[in-house]
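Chemist: My structure is stored as entry_2.pdb, with PDB, C-alpha atoms.
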ATOM      1  CA  MET A 308       0.000   0.000   0.000
ATOM      2  CA  PHE A 309       2.687   2.478   0.904
ATOM      3  CA  THR A 310       5.311   2.785  -1.804
ATOM      4  CA  THR A 311       8.724   3.534  -0.463
ATOM      5  CA  TRP A 312      11.033   6.046  -2.097
ATOM      6  CA  TYR A 313      13.230   3.114  -3.129
ATOM      7  CA  ASP A 314      10.488   1.479  -5.189
ATOM      8  CA  MET A 315       9.590   4.688  -7.001
ATOM      9  CA  ASP A 316      13.205   5.429  -7.736
ATOM     10  CA  ARG A 317      13.677   1.991  -9.249
ATOM     11  CA  THR A 318      10.701   2.488 -11.549
ATOM     12  CA  PHE A 319      12.007   5.838 -12.731
ATOM     13  CA  SER A 320      15.478   4.528 -13.411
ATOM     14  CA  ALA A 321      14.035   1.716 -15.503
ATOM     15  CA  ILE A 322      12.198   4.315 -17.583
ATOM     16  CA  ASP A 323      15.358   6.420 -17.870
ATOM     17  CA  GLU A 324      17.293   3.429 -19.154
ATOM     18  CA  PHE A 325      14.554   2.761 -21.715
ATOM     19  CA  ARG A 326      14.705   6.376 -22.857
ATOM     20  CA  ARG A 327      18.481   6.195 -23.161
ATOM     21  CA  ARG A 328      18.203   3.108 -25.325
ATOM     22  CA  LEU A 329      15.656   4.759 -27.599
ATOM     23  CA  ASP A 330      17.960   7.762 -27.927
ATOM     24  CA  ARG A 331      20.776   5.554 -29.024
ATOM     25  CA  LEU A 332      18.516   3.913 -31.565
ATOM     26  CA  PHE A 333      17.704   7.241 -33.164
ATOM     27  CA  ASP A 334      21.177   8.650 -32.832
ATOM     28  CA  GLU A 335      21.939  10.835 -35.832
ATOM     29  CA  GLY A 336      25.639  10.105 -35.681
ATOM     30  CA  ALA A 337      25.312   6.343 -35.967
ATOM     31  CA  GLU A 338      26.455   4.724 -39.199
ATOM     32  CA  PRO A 339      23.446   3.308 -41.063
ATOM     33  CA  GLN A 340      23.714  -0.462 -40.787
ATOM     34  CA  THR A 341      21.250  -1.837 -43.258
ATOM     35  CA  VAL A 342      19.344  -0.664 -46.219
ATOM     36  CA  SER A 343      15.654  -0.515 -45.447
ATOM     37  CA  GLY A 344      12.944  -0.046 -48.008
ATOM     38  CA  TYR A 345      13.087   1.127 -51.567
ATOM     39  CA  GLY A 346      13.738   4.749 -50.725
ATOM     40  CA  ASP A 347      17.192   3.989 -49.375
ATOM     41  CA  PHE A 348      18.767   1.918 -52.083
ATOM     42  CA  PRO A 349      21.403   2.615 -53.240
ATOM     43  CA  ARG A 350      23.231   4.736 -50.689
ATOM     44  CA  THR A 351      24.461   7.879 -52.378
ATOM     45  CA  ASN A 352      26.580  10.911 -51.660
ATOM     46  CA  LEU A 353      26.028  14.141 -53.563
ATOM     47  CA  TYR A 354      28.631  16.851 -53.180
ATOM     48  CA  ASP A 355      29.958  19.948 -54.862
ATOM     49  CA  ASN A 356      33.630  20.058 -55.742
ATOM     50  CA  GLY A 357      33.653  23.656 -57.016
ATOM     51  CA  GLU A 358      33.453  23.035 -60.737
ATOM     52  CA  SER A 359      31.023  20.152 -60.786
ATOM     53  CA  LEU A 360      28.487  18.295 -58.786
ATOM     54  CA  VAL A 361      29.520  14.721 -58.076
ATOM     55  CA  LEU A 362      27.182  11.874 -57.247
ATOM     56  CA  LYS A 363      28.578   8.654 -55.823
ATOM     57  CA  ALA A 364      26.441   5.564 -55.294
ATOM     58  CA  GLU A 365      27.097   2.136 -53.813
ATOM     59  CA  LEU A 366      26.115  -0.334 -56.546
ATOM     60  CA  PRO A 367      28.195  -3.475 -56.116
ATOM     61  CA  GLY A 368      27.870  -6.071 -58.851
ATOM     62  CA  LEU A 369      25.902  -3.876 -61.226
ATOM     63  CA  GLY A 370      27.037  -3.296 -64.783
ATOM     64  CA  ASP A 371      26.235  -0.438 -67.118
ATOM     65  CA  LYS A 372      23.188  -2.297 -68.436
ATOM     66  CA  ASP A 373      21.569  -2.591 -65.030
ATOM     67  CA  VAL A 374      21.685   1.103 -64.181
ATOM     68  CA  ASN A 375      19.981   4.079 -65.849
ATOM     69  CA  LEU A 376      20.890   7.694 -65.360
ATOM     70  CA  ALA A 377      18.648  10.431 -66.689
ATOM     71  CA  LEU A 378      18.909  14.183 -66.369
ATOM     72  CA  HIS A 379      15.806  16.272 -66.893
ATOM     73  CA  HIS A 380      16.161  20.009 -66.232
ATOM     74  CA  ASN A 381      17.639  19.980 -62.760
ATOM     75  CA  VAL A 382      16.552  16.557 -61.678
ATOM     76  CA  LEU A 383      18.921  13.613 -61.902
ATOM     77  CA  THR A 384      17.298  10.181 -61.690
ATOM     78  CA  LEU A 385      19.238   7.031 -60.920
ATOM     79  CA  SER A 386      17.251   3.855 -61.489
ATOM     80  CA  GLY A 387      17.729   0.207 -62.239
ATOM     81  CA  GLU A 388      17.488  -3.236 -60.862
ATOM     82  CA  ARG A 389      19.823  -5.251 -58.713
ATOM     83  CA  ARG A 390      19.178  -8.830 -59.578
ATOM     84  CA  THR A 391      20.839 -11.375 -57.344
ATOM     85  CA  VAL A 392      20.505 -14.566 -59.255
ATOM     86  CA  ALA A 393      21.447 -17.891 -57.710
ATOM     87  CA  PRO A 394      24.031 -19.435 -60.006
ATOM     88  CA  GLU A 395      22.912 -22.379 -62.172
ATOM     89  CA  GLY A 396      22.837 -25.683 -60.393
ATOM     90  CA  TYR A 397      23.298 -24.346 -56.871
ATOM     91  CA  SER A 398      20.841 -24.631 -54.032
ATOM     92  CA  VAL A 399      20.330 -21.674 -51.731
ATOM     93  CA  HIS A 400      21.332 -21.848 -48.069
ATOM     94  CA  ARG A 401      21.109 -18.216 -47.125
ATOM     95  CA  ARG A 402      19.867 -15.110 -48.874
ATOM     96  CA  GLU A 403      20.704 -11.733 -47.414
ATOM     97  CA  ARG A 404      21.278  -9.760 -50.603
ATOM     98  CA  THR A 405      17.738  -9.290 -51.817
ATOM     99  CA  PRO A 406      16.873  -8.337 -55.378
ATOM    100  CA  VAL A 407      15.794  -4.715 -55.535
ATOM    101  CA  ARG A 408      14.330  -2.409 -58.131
ATOM    102  CA  PHE A 409      15.314   1.136 -57.353
ATOM    103  CA  SER A 410      14.731   4.659 -58.525
ATOM    104  CA  ARG A 411      16.070   7.708 -56.750
ATOM    105  CA  SER A 412      15.825  11.287 -57.916
ATOM    106  CA  PHE A 413      17.953  14.220 -56.898
ATOM    107  CA  THR A 414      17.079  17.855 -57.435
ATOM    108  CA  LEU A 415      20.370  19.500 -58.210
ATOM    109  CA  PRO A 416      21.053  22.746 -56.384
ATOM    110  CA  VAL A 417      22.789  24.377 -59.359
ATOM    111  CA  ASP A 418      22.523  24.219 -63.128
ATOM    112  CA  VAL A 419      24.683  21.639 -64.825
ATOM    113  CA  ASP A 420      25.652  21.157 -68.416
ATOM    114  CA  GLY A 421      23.736  18.072 -69.565
ATOM    115  CA  THR A 422      26.015  17.468 -72.526
ATOM    116  CA  LYS A 423      29.134  17.158 -70.415
ATOM    117  CA  VAL A 424      27.971  14.625 -67.825
ATOM    118  CA  THR A 425      30.209  11.567 -67.424
ATOM    119  CA  ALA A 426      29.761   8.471 -65.296
ATOM    120  CA  SER A 427      32.079   5.617 -64.368
ATOM    121  CA  MET A 428      32.015   2.582 -62.123
ATOM    122  CA  LYS A 429      34.881   1.318 -59.987
ATOM    123  CA  ASN A 430      34.859  -1.450 -57.368
ATOM    124  CA  GLY A 431      31.093  -1.263 -57.294
ATOM    125  CA  ILE A 432      30.913   2.503 -56.705
ATOM    126  CA  LEU A 433      29.284   4.614 -59.415
ATOM    127  CA  SER A 434      30.671   8.152 -59.830
ATOM    128  CA  VAL A 435      28.742  10.696 -61.890
ATOM    129  CA  MET A 436      30.416  14.009 -62.738
ATOM    130  CA  LEU A 437      28.023  16.830 -63.546
ATOM    131  CA  PRO A 438      29.966  19.918 -64.641
ATOM    132  CA  LYS A 439      28.260  23.159 -63.749
ATOM    133  CA  THR A 440      27.235  25.606 -66.445
ATOM    134  CA  PRO A 441      29.520  28.640 -66.675
ATOM    135  CA  ALA A 442      26.784  30.818 -65.195
ATOM    136  CA  ALA A 443      26.617  28.579 -62.138
ATOM    137  CA  LEU A 444      30.339  28.666 -61.378
ATOM    138  CA  PRO A 445      31.349  30.670 -58.340
ATOM    139  CA  LYS A 446      32.541  34.119 -59.312
ATOM    140  CA  PRO A 447      35.210  36.018 -57.458
ATOM    141  CA  ILE A 448      34.143  39.359 -56.025
ATOM    142  CA  SER A 449      36.803  42.008 -55.970
ATOM    143  CA  ILE A 450      37.088  44.206 -52.916
ATOM    144  CA  LYS A 451      38.042  47.775 -53.376
ATOM    145  CA  VAL A 452      40.192  49.159 -50.600
ATOM    146  CA  GLU A 453      39.630  52.823 -49.968
TER     147      GLU A 453
ATOM    148  CA  MET B  34      52.504 -22.275 -33.821
ATOM    149  CA  ASN B  35      50.487 -20.079 -36.061
ATOM    150  CA  ASP B  36      47.532 -21.813 -37.593
ATOM    151  CA  THR B  37      46.262 -18.864 -39.554
ATOM    152  CA  LYS B  38      46.319 -19.221 -43.310
ATOM    153  CA  ASN B  39      45.996 -16.164 -45.432
ATOM    154  CA  ILE B  40      44.078 -16.811 -48.579
ATOM    155  CA  THR B  41      44.701 -13.349 -50.018
ATOM    156  CA  LYS B  42      48.002 -11.536 -49.963
ATOM    157  CA  THR B  43      48.094  -8.429 -47.799
ATOM    158  CA  GLU B  44      50.884  -5.900 -47.569
ATOM    159  CA  GLU B  45      52.281  -4.778 -44.257
ATOM    160  CA  LYS B  46      50.103  -2.038 -42.886
ATOM    161  CA  ASN B  47      51.419   0.708 -40.639
ATOM    162  CA  ILE B  48      49.364   0.562 -37.492
ATOM    163  CA  GLU B  49      49.487   4.360 -37.029
ATOM    164  CA  ASN B  50      47.880   4.902 -40.405
ATOM    165  CA  LEU B  51      44.829   2.770 -39.714
ATOM    166  CA  ARG B  52      41.944   4.885 -38.535
ATOM    167  CA  ARG B  53      39.254   3.342 -36.408
ATOM    168  CA  LEU B  54      36.270   3.051 -38.645
ATOM    169  CA  ALA B  55      32.711   1.940 -38.020
ATOM    170  CA  VAL B  56      32.463  -1.808 -38.524
ATOM    171  CA  VAL B  57      29.594  -3.413 -40.333
ATOM    172  CA  ALA B  58      28.808  -7.014 -41.292
ATOM    173  CA  PRO B  59      28.158  -7.191 -45.042
ATOM    174  CA  PRO B  60      25.128  -9.151 -46.270
ATOM    175  CA  VAL B  61      26.050 -12.552 -47.634
ATOM    176  CA  ASP B  62      24.391 -15.145 -49.897
ATOM    177  CA  ILE B  63      25.382 -18.763 -49.431
ATOM    178  CA  PHE B  64      24.876 -21.330 -52.201
ATOM    179  CA  GLU B  65      25.792 -24.965 -52.519
ATOM    180  CA  ASN B  66      26.225 -27.499 -55.264
ATOM    181  CA  GLU B  67      27.785 -30.931 -55.178
ATOM    182  CA  ASP B  68      31.339 -29.623 -55.581
ATOM    183  CA  GLU B  69      31.528 -26.553 -53.416
ATOM    184  CA  LEU B  70      29.942 -23.968 -51.195
ATOM    185  CA  LEU B  71      29.776 -20.505 -52.700
ATOM    186  CA  LEU B  72      29.641 -17.355 -50.594
ATOM    187  CA  VAL B  73      28.770 -14.098 -52.344
ATOM    188  CA  THR B  74      28.992 -10.789 -50.542
ATOM    189  CA  ASP B  75      28.801  -7.084 -51.393
ATOM    190  CA  LEU B  76      31.844  -5.011 -50.512
ATOM    191  CA  PRO B  77      31.394  -1.779 -52.495
ATOM    192  CA  GLY B  78      34.496   0.366 -52.722
ATOM    193  CA  VAL B  79      36.858  -2.301 -51.404
ATOM    194  CA  ASP B  80      39.707  -3.355 -53.666
ATOM    195  CA  THR B  81      42.001  -6.345 -53.315
ATOM    196  CA  LYS B  82      44.697  -4.531 -51.373
ATOM    197  CA  ASN B  83      42.245  -3.544 -48.669
ATOM    198  CA  LEU B  84      40.683  -6.963 -48.329
ATOM    199  CA  ASN B  85      41.906  -9.749 -46.105
ATOM    200  CA  VAL B  86      40.380 -13.216 -46.137
ATOM    201  CA  SER B  87      41.918 -15.614 -43.647
ATOM    202  CA  LEU B  88      41.274 -19.001 -42.146
ATOM    203  CA  ASP B  89      42.193 -19.813 -38.559
ATOM    204  CA  SER B  90      41.430 -23.425 -37.612
ATOM    205  CA  ASP B  91      37.791 -23.580 -38.650
ATOM    206  CA  VAL B  92      36.912 -19.914 -38.679
ATOM    207  CA  LEU B  93      36.867 -18.027 -41.958
ATOM    208  CA  MET B  94      37.230 -14.297 -41.453
ATOM    209  CA  LEU B  95      36.670 -11.531 -43.982
ATOM    210  CA  GLU B  96      37.938  -8.040 -43.304
ATOM    211  CA  GLY B  97      37.786  -5.258 -45.856
ATOM    212  CA  ARG B  98      37.945  -1.530 -45.567
ATOM    213  CA  ARG B  99      37.318   1.375 -47.812
ATOM    214  CA  GLU B 100      38.587   4.873 -47.257
ATOM    215  CA  LEU B 101      36.901   7.665 -49.128
ATOM    216  CA  GLU B 102      38.464  11.082 -49.554
ATOM    217  CA  PRO B 103      37.115  13.480 -46.929
ATOM    218  CA  GLU B 104      35.503  15.789 -49.490
ATOM    219  CA  ILE B 105      33.156  12.989 -50.536
ATOM    220  CA  CYS B 106      31.839  12.600 -47.030
ATOM    221  CA  ARG B 107      31.433  16.255 -46.247
ATOM    222  CA  SER B 108      27.835  17.008 -47.158
ATOM    223  CA  ARG B 109      24.761  14.879 -47.923
ATOM    224  CA  THR B 110      26.478  11.667 -46.870
ATOM    225  CA  GLU B 111      24.834   8.304 -46.832
ATOM    226  CA  PHE B 112      27.985   6.227 -47.043
ATOM    227  CA  CYS B 113      31.560   6.910 -46.134
ATOM    228  CA  SER B 114      34.707   5.175 -45.004
ATOM    229  CA  ILE B 115      33.803   1.924 -43.396
ATOM    230  CA  GLU B 116      35.150  -1.434 -42.395
ATOM    231  CA  TYR B 117      33.397  -4.651 -43.411
ATOM    232  CA  LYS B 118      33.966  -7.598 -41.164
ATOM    233  CA  ARG B 119      32.322 -10.962 -40.846
ATOM    234  CA  SER B 120      33.387 -14.397 -39.761
ATOM    235  CA  PHE B 121      31.995 -17.857 -40.450
ATOM    236  CA  THR B 122      32.617 -21.220 -38.880
ATOM    237  CA  MET B 123      33.501 -23.670 -41.599
ATOM    238  CA  PRO B 124      31.566 -26.909 -41.726
ATOM    239  CA  ARG B 125      33.741 -30.014 -41.736
ATOM    240  CA  GLY B 126      34.593 -31.480 -45.088
ATOM    241  CA  ILE B 127      35.827 -28.339 -46.814
ATOM    242  CA  ASP B 128      39.165 -28.695 -48.566
ATOM    243  CA  GLN B 129      40.806 -25.701 -46.922
ATOM    244  CA  ASP B 130      43.822 -25.603 -49.206
ATOM    245  CA  LYS B 131      41.684 -25.130 -52.268
ATOM    246  CA  ILE B 132      39.602 -22.170 -51.139
ATOM    247  CA  LYS B 133      39.498 -19.444 -53.787
ATOM    248  CA  ALA B 134      38.449 -15.839 -53.423
ATOM    249  CA  ASP B 135      37.759 -13.335 -56.178
ATOM    250  CA  LEU B 136      36.740  -9.726 -55.888
ATOM    251  CA  LYS B 137      35.153  -7.988 -58.859
ATOM    252  CA  ASN B 138      33.022  -4.817 -59.053
ATOM    253  CA  GLY B 139      32.741  -4.739 -55.300
ATOM    254  CA  VAL B 140      31.366  -8.299 -55.087
ATOM    255  CA  LEU B 141      33.439 -10.985 -53.352
ATOM    256  CA  ARG B 142      32.899 -14.604 -54.352
ATOM    257  CA  LEU B 143      34.395 -17.248 -52.122
ATOM    258  CA  HIS B 144      34.587 -20.778 -53.470
ATOM    259  CA  LEU B 145      34.879 -23.419 -50.764
ATOM    260  CA  PRO B 146      35.407 -26.756 -52.475
ATOM    261  CA  LYS B 147      34.156 -29.821 -50.689
ATOM    262  CA  ALA B 148      36.697 -32.439 -49.787
ATOM    263  CA  ALA B 149      36.358 -35.627 -51.779
ATOM    264  CA  GLU B 150      34.823 -37.569 -48.864
ATOM    265  CA  LEU B 151      31.876 -35.241 -48.757
ATOM    266  CA  LYS B 152      30.897 -35.412 -52.402
ATOM    267  CA  PRO B 153      27.933 -37.615 -53.185
ATOM    268  CA  ARG B 154      29.009 -40.897 -54.681
ATOM    269  CA  GLN B 155      27.611 -44.210 -55.662
ATOM    270  CA  ILE B 156      28.316 -47.123 -53.384
ATOM    271  CA  ALA B 157      29.038 -50.376 -55.130
ATOM    272  CA  ILE B 158      26.938 -53.234 -53.880
ATOM    273  CA  SER B 159      28.549 -56.632 -53.676
ATOM    274  CA  GLY B 160      26.458 -59.743 -53.676
ATOM    275  CA  ASP B 161      24.290 -61.624 -56.074
TER     276      ASP B 161
END
Go ahead and render the structure in this file as structure tokens.
Modeler:
Amino acid sequence: MFTTWYDMDRTFSAIDEFRRRLDRLFDEGAEPQTVSGYGDFPRTNLYDNGESLVLKAELPGLGDKDVNLALHHNVLTLSGERRTVAPEGYSVHRRERTPVRFSRSFTLPVDVDGTKVTASMKNGILSVMLPKTPAALPKPISIKVE
Amino acid sequence: MNDTKNITKTEEKNIENLRRLAVVAPPVDIFENEDELLLVTDLPGVDTKNLNVSLDSDVLMLEGRRELEPEICRSRTEFCSIEYKRSFTMPRGIDQDKIKADLKNGVLRLHLPKAAELKPRQIAISGD
């Protein structure tokens, strides 16, 4: 009937521990462990190296026929299918690499020259170079000293 | 006595140069036919000099790392430098000297041939 301070404290510390675990689960700094859902595949990095925009994507095992890149105005779309076929004559013990059909679009922050886009694949990482149009390049501003 | 067998060749690495990276177990597919077990795993960005596949008694260990230039990981990052690590206990009956590994386009294929005793065979019946 009468709860002692000790009992209440124990209940609160259990809740605190639960909250701490949830925080860790949603920690922004944690490295993403697995790919979940269609929206996340493939993992990509989009960055600006001054003269061009560069898109890098993790696409192990995919060849140029399995991936499509399309640029429409300022939207770059990366799509394709990752088929993981069991080789002929083998039975399957374990399947963790699931087949996935993906399509991700990126709205580019600056204008790029569609005719000068190049893409290459190395070690399963796709690199797309999107050179900026001359108008989009950073311009130096001169400072007049009085 | 060192029991570890290296299946791939690795160069000496300077310990000071190795950064501690996040470690992740890569997803793996395991297949089997009558001659071998086949392990297929995705290791995007890892090339042969950063991959180490070794066998210590019955444990097969894969360790691979990829280092990306810092400018790639600066903004809008979903993947960066990482270490892939996973180990497997070998079933008995694998011919450990004939294990082959090949890394292409970021996909590692490990061929684990079965020792002759484990392959299916016909048993001759003597009698009438």
Chemist: Evaluate the ChimeraX specification (/B :<9) & /A here and jot the selected residues down as number ranges by chain.
Modeler: A: 337-341, 350-356, 361, 363-370, 393-394, 396-404, 428-432
Chemist: Rounded to one decimal, what separation in Å do you get between CA of Glu388 in chain A and CA of Arg99 in chain B?
Modeler: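 CA of Arg99 in chain B lies at a distance of 24.2 Å from CA of Glu388 in chain A.
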Chemist: Mind giving me the straight-line distance from CA of Arg411 in chain A to CA of Leu101 in chain B in Å, one decimal?
Modeler: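 The value is 22.2 Å.
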Chemist: Hey, can you pull every residue with an atom no more than 12 Å from (19.0, -1.1, -67.6), using only C-alpha atoms, and send it as a PyMOL selection string?
Modeler: chain A and resi 369-377+385-390+408-410
Chemist: If you measure from CA of Thr405 in chain A to CA of Ser427 in chain A, what distance in Å do you get, rounded to one decimal?
Modeler: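 Taking CA of Thr405 in chain A and CA of Ser427 in chain A, their separation equals 24.2 Å.
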Chemist: Quick one: everything within 9 Å of range 118-135 of chain B, counting only C-alpha atoms, minus sequence neighbours fewer than 3 positions away in the same chain. Send it as an MDAnalysis selection string.
Modeler: chainID B and resid 40:41 56:59 69:70 81 86 88 90:98 140:151
Chemist: Between A:Met315, A:Leu329, A:Leu360, A:Val392, which one has atoms that come closest to Val417 in chain A, using only C-alpha atoms?
Modeler: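 Smallest separation from Val417 in chain A among the options: A:Leu360.
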Chemist: As JSON, what would the box around range 353-356 of chain A look like: edges along x, y and z, 3 Å added on every side, centre and edge lengths in Å to one decimal?
Modeler:
{"center_x": 29.8, "center_y": 17.1, "center_z": -54.5, "size_x": 13.6, "size_y": 11.9, "size_z": 8.6}
Chemist: Quick one: which residues end up in the PyMOL selection byres ((chain A and resi 441) around 12) for this structure, as a ChimeraX atom specification?
Modeler: /A:357-359,417-420,438-440,442-446
Chemist: Write out N, CA and C atoms for range 58-72 of chain B, as a JSON list (two decimals), keeping the file's coordinate frame.
Modeler:
[["chain", "number", "residue", "atom", "x", "y", "z"],
["B", 58, "ALA", "N", 28.74, -5.68, -40.70],
["B", 58, "ALA", "CA", 28.81, -7.01, -41.29],
["B", 58, "ALA", "C", 28.12, -6.95, -42.65],
["B", 59, "PRO", "N", 28.81, -7.31, -43.73],
["B", 59, "PRO", "CA", 28.16, -7.19, -45.04],
["B", 59, "PRO", "C", 27.15, -8.32, -45.25],
["B", 60, "PRO", "N", 26.10, -8.08, -46.00],
["B", 60, "PRO", "CA", 25.13, -9.15, -46.27],
["B", 60, "PRO", "C", 25.75, -10.21, -47.17],
["B", 61, "VAL", "N", 25.39, -11.46, -46.94],
["B", 61, "VAL", "CA", 26.05, -12.55, -47.63],
["B", 61, "VAL", "C", 25.00, -13.53, -48.18],
["B", 62, "ASP", "N", 25.26, -14.10, -49.36],
["B", 62, "ASP", "CA", 24.39, -15.14, -49.90],
["B", 62, "ASP", "C", 25.21, -16.42, -49.87],
["B", 63, "ILE", "N", 24.63, -17.51, -49.45],
["B", 63, "ILE", "CA", 25.38, -18.76, -49.43],
["B", 63, "ILE", "C", 24.68, -19.78, -50.33],
["B", 64, "PHE", "N", 25.42, -20.34, -51.27],
["B", 64, "PHE", "CA", 24.88, -21.33, -52.20],
["B", 64, "PHE", "C", 25.67, -22.61, -52.10],
["B", 65, "GLU", "N", 25.07, -23.69, -52.56],
["B", 65, "GLU", "CA", 25.79, -24.96, -52.52],
["B", 65, "GLU", "C", 25.47, -25.80, -53.74],
["B", 66, "ASN", "N", 26.52, -26.47, -54.27],
["B", 66, "ASN", "CA", 26.22, -27.50, -55.26],
["B", 66, "ASN", "C", 27.05, -28.71, -54.86],
["B", 67, "GLU", "N", 27.13, -29.73, -55.70],
["B", 67, "GLU", "CA", 27.78, -30.93, -55.18],
["B", 67, "GLU", "C", 29.30, -30.79, -55.04],
["B", 68, "ASP", "N", 29.89, -29.76, -55.68],
["B", 68, "ASP", "CA", 31.34, -29.62, -55.58],
["B", 68, "ASP", "C", 31.81, -28.61, -54.56],
["B", 69, "GLU", "N", 31.02, -27.62, -54.28],
["B", 69, "GLU", "CA", 31.53, -26.55, -53.42],
["B", 69, "GLU", "C", 30.40, -25.76, -52.77],
["B", 70, "LEU", "N", 30.83, -24.96, -51.79],
["B", 70, "LEU", "CA", 29.94, -23.97, -51.20],
["B", 70, "LEU", "C", 30.37, -22.64, -51.80],
["B", 71, "LEU", "N", 29.43, -21.79, -52.11],
["B", 71, "LEU", "CA", 29.78, -20.50, -52.70],
["B", 71, "LEU", "C", 29.20, -19.41, -51.83],
["B", 72, "LEU", "N", 30.07, -18.48, -51.42],
["B", 72, "LEU", "CA", 29.64, -17.36, -50.59],
["B", 72, "LEU", "C", 29.76, -16.12, -51.45]]
